[in-house]
Amino acid sequence: MQSQKQFKRRFSFEFFPPKTDQGKEKLQNVRNQLAEVNPDFFSVTFGAGGSTRDRTIETVLNLHSQGISTAPHLSCVGGTRQEIGELLDLYREHGINRIVALRGDMPSGMGAAGELRYANELVEFIREHSGDTFNLEVAAYPEFHPQARNAEEDLKNFARKVQAGANSAITQYFFNADSYFYFIDRLEKMGVTIPVVPGIMPIVNFSNLVRFSDMCGAEIPRWIRKQLEAYGDDSDSIRKFGEEVVTEMCEKLLAAGAPGLHFYTLNQVEPSISIWKNLGISEREKIAF
Ligand code: FAD
């Protein structure tokens, strides 16, 4: 973990672009409450294949104009160089300076893979097209990407993104801090030393969490799964337990030198804000890198 300690910490919240007017209004309220704790930035997801393109742009520009730097996610699957180039130009014109660069997953039944096959090719293209305009974040997988041929290949593929020009990374969520520590150690041995910020998934709904974790390859440790199962429909107990478990893991990560945290808010104020307050993040030293 030595390499991570040199970086200033930064803290961020992730949203998805709302579909309805009601969703937009709700996100505005969420934004207002989360803005009070002064995060380093917000980020907004992008439906692979361009399915949320316009909504992502609208949400990013709206949030960015309200004073907190906002980073669009941008996935290359299904897109052409020209389309991606136009999107980069639009973001640059609006003063966006950070992008989360991803391959994405093609929704089943939707068209061809696109001109850029992997995130390292996207990072390379963004550098070619936009130089150093953007601070580029990429995805990292402490429990390895579900399609990776093996752990070794996945680490090498991560390193390709760094060689292509990524500045920092945000991880897929995990509930086992050791997987993150081990991942960082492996990167250090390979000489890869960019900030790798843990992505934090608050626990709110057991069945959704199981479904999503199966899809993205994040492991829910047996002891957490069993405890959540035992609570059945008692959503208050699930939230309380979830908040405790996630707060403790975040404490452990920060104490070991993790360079910040990125919260997958699911467009909800709670429990991200409670975890943030439990950790005393606003009082900790934090400066965006
Ligand atoms: P890559 O880094 O390209 O890796 C994908 C797979 O290909 C891995 O198994 C890797 O080992 C392998 N690989 C990589 N490069 C090569 C190569 N050169 N040759 C051979 N194999 C290679 N999805 C969305 O649709 N929208 C979002 O907004 C979104 N935001 C995310 C934010 C974060 C922080 C994270 C962690 C994930 C996010 N995702 C999002 C999910 C992500 O798009 C998927 O996990 C996707 O399957 C992989 O994207 P990637 O950028 O990690 O791909």
# chains A, B, ... in the order shown; residues from 1 in each chain; ligands from 1
>>> select_by_dssp(residues="segment 67-230 of chain A", states="strand (DSSP E)", output="list in words")
Thr70, Ala71, Pro72, His73, Leu74, Ser75, Arg98, Ile99, Val100, Ala101, Leu102, Asn135, Leu136, Glu137, Val138, Ala139, Ala140, Ser168, Ala169, Ile170, Thr171, Val196, Val197, Gly199 and Ile200 of chain A
>>> residues_near_ligand(ligand="ligand 1", cutoff="8 Å", atoms="only C-alpha atoms and all ligand atoms", output="number ranges by chain")
A: 16, 44-49, 72-75, 100-106, 117-121, 138-141, 144-150, 153-158, 160-161, 169-173, 199, 216
>>> closest_atom_pairs(of="segment 15-86 of chain A", to="segment 271-287 of chain A", cutoff="8 Å", atoms="only C-alpha atoms", output="JSON lines")
{"residue": "A:Leu34", "atom": "CA", "partner": "A:Ile273", "partner_atom": "CA", "distance": 7.0}
{"residue": "A:Val37", "atom": "CA", "partner": "A:Ser282", "partner_atom": "CA", "distance": 6.3}
{"residue": "A:Asn38", "atom": "CA", "partner": "A:Ser282", "partner_atom": "CA", "distance": 7.3}
{"residue": "A:Asp40", "atom": "CA", "partner": "A:Ile287", "partner_atom": "CA", "distance": 7.2}
>>> select_by_dssp(residues="segment 11-138 of chain A", states="alpha helix (DSSP H)", output="VMD selection string")
chain A and resid 21 to 35 53 to 65 81 to 93 119 to 130
>>> atom_distance(atom1="atom CA of Thr56 of chain A", atom2="atom CA of Glu115 of chain A")
21.1 Å
>>> residues_around(residues="segment 60-67 of chain A", least_positions_apart="6", cutoff="9 Å", atoms="only C-alpha atoms", output="PyMOL selection string")
chain A and resi 17+28+31+42-44+91+94-96
>>> write_last_selection(atoms="C-alpha atoms", output="compact mmCIF listing (two decimals), in the first residue's frame")
# COMPACT_ATOMS: atom_id res chain seq x y z
CA PRO A 17 -28.77 10.01 -15.36
CA GLN A 28 -31.50 17.79 -7.78
CA ARG A 31 -27.25 16.84 -5.34
CA PHE A 42 -19.56 14.09 -8.90
CA SER A 43 -19.64 11.57 -11.71
CA VAL A 44 -22.47 10.46 -13.99
CA TYR A 91 -17.25 18.37 -22.81
CA HIS A 94 -18.14 23.24 -21.28
CA GLY A 95 -15.07 23.18 -19.08
CA ILE A 96 -15.29 19.50 -18.09
>>> residues_around(residues="segment 79-82 of chain A", least_positions_apart="6", cutoff="9 Å", atoms="only C-alpha atoms", output="count of residues only")
10
>>> closest_residue(among="A:Ser12, A:Ser69, A:Asn32, A:Ser130", to="Gly85 of chain A", atoms="only C-alpha atoms")
A:Ser130
>>> atom_distance(atom1="atom CA of Phe134 of chain A", atom2="atom CA of Ala159 of chain A")
19.0 Å
>>> closest_residue(among="A:Phe206, A:Phe212, A:Tyr182, A:Phe174", to="Cys250 of chain A", atoms="only C-alpha atoms")
A:Phe174
>>> residues_around(residues="Ala256 of chain A", least_positions_apart="3", cutoff="8 Å", atoms="only C-alpha atoms", output="PyMOL selection string")
chain A and resi 1+252-253
>>> write_last_selection(atoms="N, CA and C atoms", output="PDB file, in the first residue's frame")
ATOM      1  N   MET A   1       0.814  -1.225   0.000  1.00  0.00           N
ATOM      2  CA  MET A   1       0.000   0.000   0.000  1.00  0.00           C
ATOM      3  C   MET A   1       0.848   1.277   0.000  1.00  0.00           C
ATOM      4  N   LYS A 252     -10.890   1.105   7.508  1.00  0.00           N
ATOM      5  CA  LYS A 252      -9.721   0.242   7.320  1.00  0.00           C
ATOM      6  C   LYS A 252      -8.951   0.657   6.056  1.00  0.00           C
ATOM      7  N   LEU A 253      -9.700   0.951   5.000  1.00  0.00           N
ATOM      8  CA  LEU A 253      -9.064   1.331   3.735  1.00  0.00           C
ATOM      9  C   LEU A 253      -8.305   2.646   3.886  1.00  0.00           C
TER      10      LEU A 253
END
